[in-house]
$ cat final_8.json   # JSON, C-alpha atoms
[["chain", "number", "residue", "atom", "x", "y", "z"],
["A", 1090, "MET", "CA", 0.00, 0.00, 0.00],
["A", 1091, "SER", "CA", 1.34, 3.42, -0.92],
["A", 1092, "VAL", "CA", 1.64, 6.33, 1.47],
["A", 1093, "VAL", "CA", 1.17, 8.69, -1.48],
["A", 1094, "TRP", "CA", 0.11, 8.51, -5.14],
["A", 1095, "ASN", "CA", -2.83, 6.39, -4.13],
["A", 1096, "GLU", "CA", -5.36, 8.58, -5.93],
["A", 1097, "VAL", "CA", -6.89, 7.07, -9.05],
["A", 1098, "ASP", "CA", -8.71, 8.58, -11.99],
["A", 1099, "GLU", "CA", -12.13, 7.63, -13.35],
["A", 1100, "HIS", "CA", -10.62, 4.59, -15.05],
["A", 1101, "GLY", "CA", -9.08, 3.28, -11.84],
["A", 1102, "ARG", "CA", -5.54, 4.26, -12.86],
["A", 1103, "GLU", "CA", -2.99, 6.08, -10.76],
["A", 1104, "CYS", "CA", -3.15, 9.87, -11.15],
["A", 1105, "VAL", "CA", -0.16, 11.60, -12.77],
["A", 1106, "ASN", "CA", 0.50, 15.33, -12.48],
["A", 1107, "GLU", "CA", 0.69, 17.55, -15.54],
["A", 1108, "LEU", "CA", 4.43, 18.21, -15.23],
["A", 1109, "ASP", "CA", 5.27, 14.52, -15.37],
["A", 1110, "ARG", "CA", 2.84, 13.97, -18.24],
["A", 1111, "TRP", "CA", 4.41, 16.82, -20.22],
["A", 1112, "ALA", "CA", 7.97, 15.63, -19.59],
["A", 1113, "ARG", "CA", 7.06, 12.10, -20.60],
["A", 1114, "ARG", "CA", 5.56, 13.27, -23.88],
["A", 1115, "LYS", "CA", 8.63, 15.38, -24.68],
["A", 1116, "LEU", "CA", 11.46, 13.14, -23.49],
["A", 1117, "LYS", "CA", 10.31, 9.55, -23.98],
["A", 1118, "TRP", "CA", 12.16, 7.77, -26.77],
["A", 1119, "GLY", "CA", 10.54, 5.55, -29.34],
["A", 1120, "ASP", "CA", 13.16, 2.90, -28.53],
["A", 1121, "THR", "CA", 12.84, 2.83, -24.75],
["A", 1122, "LEU", "CA", 14.96, -0.31, -24.42],
["A", 1123, "LYS", "CA", 17.96, 1.46, -25.99],
["A", 1124, "ALA", "CA", 17.61, 4.38, -23.58],
["A", 1125, "ARG", "CA", 17.43, 1.95, -20.68],
["A", 1126, "HIS", "CA", 20.61, 0.18, -21.77],
["A", 1127, "LEU", "CA", 22.44, 3.48, -22.15],
["A", 1128, "SER", "CA", 21.36, 4.57, -18.66],
["A", 1129, "ASN", "CA", 22.70, 1.28, -17.29],
["A", 1130, "VAL", "CA", 26.04, 1.85, -19.02],
["A", 1131, "LEU", "CA", 26.34, 5.29, -17.43],
["A", 1132, "ALA", "CA", 25.12, 4.28, -13.97],
["A", 1133, "HIS", "CA", 26.95, 0.97, -13.69],
["A", 1134, "GLY", "CA", 30.04, 1.67, -15.78],
["A", 1135, "VAL", "CA", 31.05, 5.17, -16.82],
["A", 1136, "VAL", "CA", 30.21, 7.13, -13.65],
["A", 1137, "PRO", "CA", 31.58, 4.61, -11.11],
["A", 1138, "ALA", "CA", 34.76, 4.16, -13.14],
["A", 1139, "GLY", "CA", 35.25, 7.91, -13.41],
["A", 1140, "ALA", "CA", 34.56, 8.40, -9.71],
["A", 1141, "VAL", "CA", 37.04, 5.72, -8.68],
["A", 1142, "GLY", "CA", 39.68, 7.09, -11.05],
["A", 1143, "LEU", "CA", 39.34, 10.64, -9.74],
["A", 1144, "ALA", "CA", 39.32, 9.47, -6.13],
["A", 1145, "ILE", "CA", 42.53, 7.49, -6.68],
["A", 1146, "ALA", "CA", 44.17, 10.49, -8.37],
["A", 1147, "ALA", "CA", 43.15, 12.74, -5.47],
["A", 1148, "GLY", "CA", 44.53, 10.30, -2.90],
["A", 1149, "ILE", "CA", 47.86, 10.02, -4.71],
["A", 1150, "LYS", "CA", 48.17, 13.80, -5.03],
["A", 1151, "GLU", "CA", 47.91, 14.36, -1.28],
["A", 1152, "GLY", "CA", 49.94, 11.33, -0.29],
["A", 1153, "GLY", "CA", 46.99, 9.57, 1.29],
["A", 1154, "GLY", "CA", 47.44, 6.41, -0.74],
["A", 1155, "PRO", "CA", 45.79, 5.42, -4.04],
["A", 1156, "PHE", "CA", 42.60, 4.18, -2.38],
["A", 1157, "ALA", "CA", 42.32, 6.80, 0.37],
["A", 1158, "ASP", "CA", 39.11, 8.34, -1.00],
["A", 1159, "VAL", "CA", 37.57, 5.53, -3.04],
["A", 1160, "LEU", "CA", 35.67, 4.14, -0.07],
["A", 1161, "VAL", "CA", 34.27, 7.58, 0.71],
["A", 1162, "ALA", "CA", 32.71, 7.84, -2.77],
["A", 1163, "ASN", "CA", 31.39, 4.28, -2.56],
["A", 1164, "GLU", "CA", 29.98, 4.93, 0.89],
["A", 1165, "ALA", "CA", 28.00, 7.91, -0.43],
["A", 1166, "MET", "CA", 26.69, 5.78, -3.29],
["A", 1167, "VAL", "CA", 25.51, 3.06, -0.87],
["A", 1168, "TYR", "CA", 23.71, 5.58, 1.33],
["A", 1169, "ALA", "CA", 21.95, 7.18, -1.64],
["A", 1170, "GLY", "CA", 20.96, 3.80, -3.07],
["A", 1171, "THR", "CA", 19.61, 2.65, 0.29],
["A", 1172, "LEU", "CA", 17.51, 5.79, 0.70],
["A", 1173, "SER", "CA", 16.14, 5.31, -2.80],
["A", 1174, "GLN", "CA", 15.13, 1.71, -2.16],
["A", 1175, "LEU", "CA", 13.44, 2.62, 1.12],
["A", 1176, "ALA", "CA", 11.51, 5.40, -0.62],
["A", 1177, "LYS", "CA", 10.43, 3.05, -3.41],
["A", 1178, "LEU", "CA", 9.07, 0.54, -0.96],
["A", 1179, "ALA", "CA", 7.28, 3.26, 1.00],
["A", 1180, "PHE", "CA", 5.76, 5.26, -1.85],
["A", 1181, "ARG", "CA", 5.07, 2.41, -4.31],
["A", 1182, "ARG", "CA", 4.61, 4.78, -7.24],
["A", 1183, "GLN", "CA", 3.78, 3.03, -10.48],
["A", 1184, "ARG", "CA", 6.34, 3.31, -13.24],
["A", 1185, "PRO", "CA", 5.32, 5.21, -16.39],
["A", 1186, "PHE", "CA", 5.52, 2.20, -18.70],
["A", 1187, "GLY", "CA", 3.16, 0.34, -16.38],
["A", 1188, "ARG", "CA", 0.84, 3.29, -15.76],
["A", 1189, "PHE", "CA", 0.32, 4.07, -19.44],
["A", 1190, "ALA", "CA", 0.35, 0.51, -20.78],
["A", 1191, "PRO", "CA", -2.89, -0.61, -22.45],
["A", 1192, "PRO", "CA", -5.06, -2.90, -20.33],
["A", 1193, "GLY", "CA", -3.83, -6.49, -20.49],
["A", 1194, "SER", "CA", -0.58, -5.40, -22.12],
["A", 1195, "THR", "CA", 2.38, -7.77, -22.25],
["A", 1196, "ALA", "CA", 4.85, -5.05, -23.18],
["A", 1197, "PRO", "CA", 8.56, -5.94, -23.19],
["A", 1198, "ALA", "CA", 10.34, -6.00, -19.84],
["A", 1199, "ARG", "CA", 7.08, -5.98, -17.86],
["A", 1200, "GLN", "CA", 7.85, -7.15, -14.33],
["A", 1201, "PRO", "CA", 4.86, -6.80, -11.99],
["A", 1202, "ASP", "CA", 7.08, -6.78, -8.89],
["A", 1203, "ASP", "CA", 9.04, -3.86, -10.33],
["A", 1204, "ASP", "CA", 6.17, -1.84, -11.81],
["A", 1205, "ASN", "CA", 5.52, 0.10, -8.59],
["A", 1206, "LEU", "CA", 9.04, 1.23, -7.76],
["A", 1207, "SER", "CA", 9.22, 4.52, -9.60],
["A", 1208, "PHE", "CA", 9.86, 7.10, -6.87],
["A", 1209, "PHE", "CA", 12.61, 7.98, -6.74],
["A", 1210, "SER", "CA", 15.24, 7.05, -9.32],
["A", 1211, "SER", "CA", 18.04, 4.90, -7.91],
["A", 1212, "HIS", "CA", 20.16, 5.31, -11.03],
["A", 1213, "THR", "CA", 20.06, 9.08, -10.70],
["A", 1214, "ALA", "CA", 20.58, 9.09, -6.94],
["A", 1215, "THR", "CA", 23.64, 6.81, -6.98],
["A", 1216, "THR", "CA", 25.35, 8.49, -9.94],
["A", 1217, "SER", "CA", 24.87, 11.98, -8.51],
["A", 1218, "ALA", "CA", 26.09, 10.76, -5.11],
["A", 1219, "PHE", "CA", 29.23, 9.43, -6.80],
["A", 1220, "ALA", "CA", 29.72, 12.69, -8.71],
["A", 1221, "PHE", "CA", 29.26, 15.04, -5.76],
["A", 1222, "ALA", "CA", 31.29, 12.91, -3.35],
["A", 1223, "VAL", "CA", 34.21, 12.88, -5.78],
["A", 1224, "ALA", "CA", 33.81, 16.63, -6.33],
["A", 1225, "GLU", "CA", 34.05, 17.17, -2.57],
["A", 1226, "VAL", "CA", 37.10, 14.93, -2.35],
["A", 1227, "ALA", "CA", 38.77, 16.63, -5.32],
["A", 1228, "THR", "CA", 38.16, 20.05, -3.77],
["A", 1229, "ARG", "CA", 39.75, 19.14, -0.46],
["A", 1230, "ARG", "CA", 42.69, 17.53, -2.28],
["A", 1231, "ALA", "CA", 43.14, 20.59, -4.52],
["A", 1232, "VAL", "CA", 42.60, 18.53, -7.69],
["A", 1233, "ARG", "CA", 41.30, 20.81, -10.43],
["A", 1234, "THR", "CA", 39.96, 18.99, -13.47],
["A", 1235, "PRO", "CA", 36.97, 19.39, -15.81],
["A", 1236, "LEU", "CA", 36.23, 15.72, -15.20],
["A", 1237, "VAL", "CA", 34.46, 16.70, -11.98],
["A", 1238, "LEU", "CA", 31.93, 18.74, -13.97],
["A", 1239, "LEU", "CA", 31.69, 15.97, -16.54],
["A", 1240, "MET", "CA", 30.74, 13.53, -13.79],
["A", 1241, "ALA", "CA", 27.86, 15.76, -12.68],
["A", 1242, "VAL", "CA", 26.71, 16.07, -16.30],
["A", 1243, "CYS", "CA", 26.81, 12.28, -16.71],
["A", 1244, "ALA", "CA", 24.65, 11.92, -13.60],
["A", 1245, "GLY", "CA", 22.11, 14.33, -15.09],
["A", 1246, "LEU", "CA", 22.26, 12.48, -18.41],
["A", 1247, "THR", "CA", 21.52, 9.24, -16.58],
["A", 1248, "GLY", "CA", 18.37, 10.83, -15.17],
["A", 1249, "TYR", "CA", 17.32, 12.00, -18.63],
["A", 1250, "LEU", "CA", 17.76, 8.49, -20.03],
["A", 1251, "ARG", "CA", 15.61, 7.06, -17.23],
["A", 1252, "ILE", "CA", 12.79, 9.31, -18.43],
["A", 1253, "ALA", "CA", 13.55, 8.48, -22.06],
["A", 1254, "SER", "CA", 13.32, 4.78, -21.24],
["A", 1255, "ASP", "CA", 9.91, 5.31, -19.62],
["A", 1256, "ARG", "CA", 11.18, 3.92, -16.33],
["A", 1257, "HIS", "CA", 10.75, 7.13, -14.33],
["A", 1258, "TYR", "CA", 8.91, 10.43, -14.29],
["A", 1259, "LEU", "CA", 10.64, 13.80, -14.21],
["A", 1260, "THR", "CA", 9.88, 14.25, -10.50],
["A", 1261, "ASP", "CA", 11.42, 10.84, -9.75],
["A", 1262, "VAL", "CA", 14.63, 11.93, -11.43],
["A", 1263, "LEU", "CA", 14.75, 15.39, -9.87],
["A", 1264, "MET", "CA", 14.30, 13.97, -6.38],
["A", 1265, "GLY", "CA", 16.92, 11.31, -7.07],
["A", 1266, "TYR", "CA", 19.44, 13.93, -8.19],
["A", 1267, "LEU", "CA", 18.69, 16.11, -5.16],
["A", 1268, "VAL", "CA", 19.08, 13.25, -2.70],
["A", 1269, "GLY", "CA", 22.24, 11.98, -4.39],
["A", 1270, "ALA", "CA", 23.83, 15.43, -4.48],
["A", 1271, "THR", "CA", 23.01, 16.01, -0.81],
["A", 1272, "VAL", "CA", 24.33, 12.64, 0.31],
["A", 1273, "GLY", "CA", 27.40, 12.91, -1.89],
["A", 1274, "THR", "CA", 28.28, 16.31, -0.45],
["A", 1275, "LEU", "CA", 27.55, 15.58, 3.22],
["A", 1276, "THR", "CA", 29.11, 12.13, 3.47],
["A", 1277, "PRO", "CA", 32.72, 13.35, 3.09],
["A", 1278, "ARG", "CA", 32.09, 16.49, 5.12],
["A", 1279, "LEU", "CA", 30.31, 14.97, 8.11],
["A", 1280, "LEU", "CA", 31.63, 11.42, 8.26],
["A", 1281, "HIS", "CA", 35.14, 11.99, 6.92],
["A", 1282, "PRO", "CA", 36.16, 15.56, 7.83],
["A", 1283, "VAL", "CA", 39.48, 16.91, 6.67],
["A", 1284, "ARG", "CA", 42.35, 16.24, 9.02],
["A", 1285, "THR", "CA", 45.33, 18.51, 8.54],
["A", 1286, "PRO", "CA", 48.42, 16.38, 7.81],
["A", 1287, "ALA", "CA", 51.21, 16.43, 10.42],
["A", 1288, "ARG", "CA", 53.70, 17.86, 7.95],
["A", 1289, "ARG", "CA", 51.41, 20.81, 7.25],
["A", 1290, "LEU", "CA", 50.92, 21.39, 10.97],
["A", 1291, "ASP", "CA", 54.69, 21.40, 11.47],
["A", 1292, "ARG", "CA", 55.13, 23.98, 8.71],
["A", 1293, "MET", "CA", 52.39, 26.17, 10.18],
["A", 1294, "LYS", "CA", 53.93, 25.92, 13.65],
["A", 1295, "HIS", "CA", 57.38, 26.80, 12.28],
["A", 1296, "ARG", "CA", 56.03, 29.88, 10.46],
["A", 1297, "LEU", "CA", 54.17, 31.01, 13.57],
["A", 1298, "LEU", "CA", 57.28, 30.70, 15.77],
["A", 1299, "ARG", "CA", 59.39, 32.56, 13.23],
["A", 1300, "ARG", "CA", 56.92, 35.45, 13.11],
["A", 1301, "THR", "CA", 56.76, 35.51, 16.92],
["A", 1302, "HIS", "CA", 60.55, 35.73, 17.19],
["A", 1303, "ARG", "CA", 60.61, 38.50, 14.59],
["A", 1304, "LEU", "CA", 58.08, 40.53, 16.57],
["A", 1305, "GLU", "CA", 60.01, 39.96, 19.78],
["A", 1306, "ARG", "CA", 63.24, 41.25, 18.24],
["A", 1307, "ARG", "CA", 61.47, 44.31, 16.88],
["A", 1308, "TRP", "CA", 59.30, 45.37, 19.83],
["A", 1309, "LEU", "CA", 60.74, 43.83, 22.98],
["A", 1310, "PRO", "CA", 63.94, 45.95, 23.18],
["A", 1311, "ALA", "CA", 61.91, 49.14, 22.77],
["A", 1312, "ALA", "CA", 59.47, 48.06, 25.46],
["A", 1313, "LEU", "CA", 62.28, 47.29, 27.94],
["A", 1314, "SER", "CA", 64.37, 50.41, 27.29],
["A", 1315, "PRO", "CA", 64.14, 53.18, 29.99],
["A", 1316, "ILE", "CA", 61.90, 56.13, 29.19]]
$ encode --input "final_8.json" --output "structure tokens"
Amino acid sequence: MSVVWNEVDEHGRECVNELDRWARRKLKWGDTLKARHLSNVLAHGVVPAGAVGLAIAAGIKEGGGPFADVLVANEAMVYAGTLSQLAKLAFRRQRPFGRFAPPGSTAPARQPDDDNLSFFSSHTATTSAFAFAVAEVATRRAVRTPLVLLMAVCAGLTGYLRIASDRHYLTDVLMGYLVGATVGTLTPRLLHPVRTPARRLDRMKHRLLRRTHRLERRWLPAALSPI
């Protein structure tokens, strides 16, 4: 039983808002299976591979080891995917291809157990979590590369392909991207905060002592001299 989207129209079908109807008309591909395969390639291949590669590069740059940040990105992905699955089981929103299928349809890839798991998009949530977690890691490691932006674009493209494949509505994808971006940003910040390396602390301490000694040499003799 759904906690939302349980309203039905006069034909007994789940109600769909106008925004999602409009987006489906504009973005749905004629070959939905091709769009679905492409979204799988991005979500299960391109984005994870790019995220792992960037995380390894960031770890090597700062001397933290080649796999120092890979687990952080994967951790964010797991959290986003878990939240998505919990939401799907709670909301039980019918997928577009099931909602708009003709009565008695045996359309390709129909899986009754999967028809009501539309909100929100796991593909979009996990790819955006990967992208934003790696962006956070790259920022703290001072790695500047256009690949970070490309990762975020690929996550958005994954969401578009989920609409094109008739697996999700626009609102499913937008919520998935929002959740993934939030989880991807907060996971490194809250669970793995930056710890200043010991070498950097030593350099900061040395600079502070040197400035203190310089001030002492300049002002202390004048302060002790008789008026």
$ closest_residue --input "final_8.json" --among "A:Val1130, A:Asp1203, A:Arg1113, A:Ala1227" --to "Val1262 in chain A" --atoms "all atoms listed in the file"
A:Arg1113
$ atom_distance --input "final_8.json" --atom1 "CA of Asp1120 in chain A" --atom2 "CA of Val1242 in chain A"
22.5 Å
$ closest_residue --input "final_8.json" --among "A:Leu1127, A:Leu1116, A:Ala1222, A:Val1167" --to "Leu1279 in chain A" --atoms "all atoms listed in the file"
A:Ala1222
$ residues_around --input "final_8.json" --residues "range 1138-1147 of chain A" --least-positions-apart "3" --cutoff "8 Å" --atoms "all atoms listed in the file" --output "JSON, numbers by chain"
{"A": [1134, 1135, 1150, 1151, 1154, 1155, 1156, 1157, 1158, 1159, 1162, 1219, 1220, 1223, 1226, 1227, 1230, 1231, 1232, 1240]}
$ closest_residue --input "final_8.json" --among "A:Lys1123, A:Arg1300, A:His1133, A:Arg1306" --to "Thr1216 in chain A" --atoms "all atoms listed in the file"
A:His1133
$ closest_residue --input "final_8.json" --among "A:Leu1131, A:Ile1149, A:Val1272, A:Ala1241" --to "Asn1163 in chain A" --atoms "only C-alpha atoms"
A:Val1272
$ residues_around --input "final_8.json" --residues "Pro1282 in chain A" --least-positions-apart "4" --cutoff "12 Å" --atoms "all atoms listed in the file" --output "mmCIF file with C-alpha atoms, in the frame of the given file"
data_model
loop_
_atom_site.group_PDB
_atom_site.id
_atom_site.type_symbol
_atom_site.label_atom_id
_atom_site.label_comp_id
_atom_site.auth_asym_id
_atom_site.auth_seq_id
_atom_site.Cartn_x
_atom_site.Cartn_y
_atom_site.Cartn_z
ATOM 1 C CA ASP A 1158 39.110 8.340 -1.000
ATOM 2 C CA VAL A 1161 34.270 7.580 0.710
ATOM 3 C CA GLU A 1225 34.050 17.170 -2.570
ATOM 4 C CA VAL A 1226 37.100 14.930 -2.350
ATOM 5 C CA ARG A 1229 39.750 19.140 -0.460
ATOM 6 C CA THR A 1274 28.280 16.310 -0.450
ATOM 7 C CA LEU A 1275 27.550 15.580 3.220
ATOM 8 C CA THR A 1276 29.110 12.130 3.470
ATOM 9 C CA PRO A 1277 32.720 13.350 3.090
ATOM 10 C CA ARG A 1278 32.090 16.490 5.120
#
$ closest_residue --input "final_8.json" --among "A:Val1268, A:Ala1218, A:Ala1169, A:Ile1252" --to "Ser1128 in chain A" --atoms "only C-alpha atoms"
A:Ile1252
$ closest_residue --input "final_8.json" --among "A:Tyr1249, A:Arg1256, A:Pro1192, A:Ser1207" --to "Ala1179 in chain A" --atoms "only C-alpha atoms"
A:Ser1207
$ atom_distance --input "final_8.json" --atom1 "CA of Asp1255 in chain A" --atom2 "CA of Gly1269 in chain A"
20.7 Å
$ atom_distance --input "final_8.json" --atom1 "CA of Glu1103 in chain A" --atom2 "CA of His1257 in chain A"
14.2 Å
$ residues_around --input "final_8.json" --residues "Lys1177 in chain A" --least-positions-apart "3" --cutoff "6 Å" --atoms "all atoms listed in the file" --output "PyMOL selection string"
chain A and resi 1174+1180-1181+1206+1208
$ residues_around --input "final_8.json" --residues "Arg1114 in chain A" --least-positions-apart "2" --cutoff "12 Å" --atoms "all atoms listed in the file" --output "JSON, numbers by chain"
{"A": [1107, 1108, 1109, 1110, 1111, 1112, 1116, 1117, 1118, 1119, 1185, 1189, 1252, 1253, 1254, 1255, 1258, 1259]}
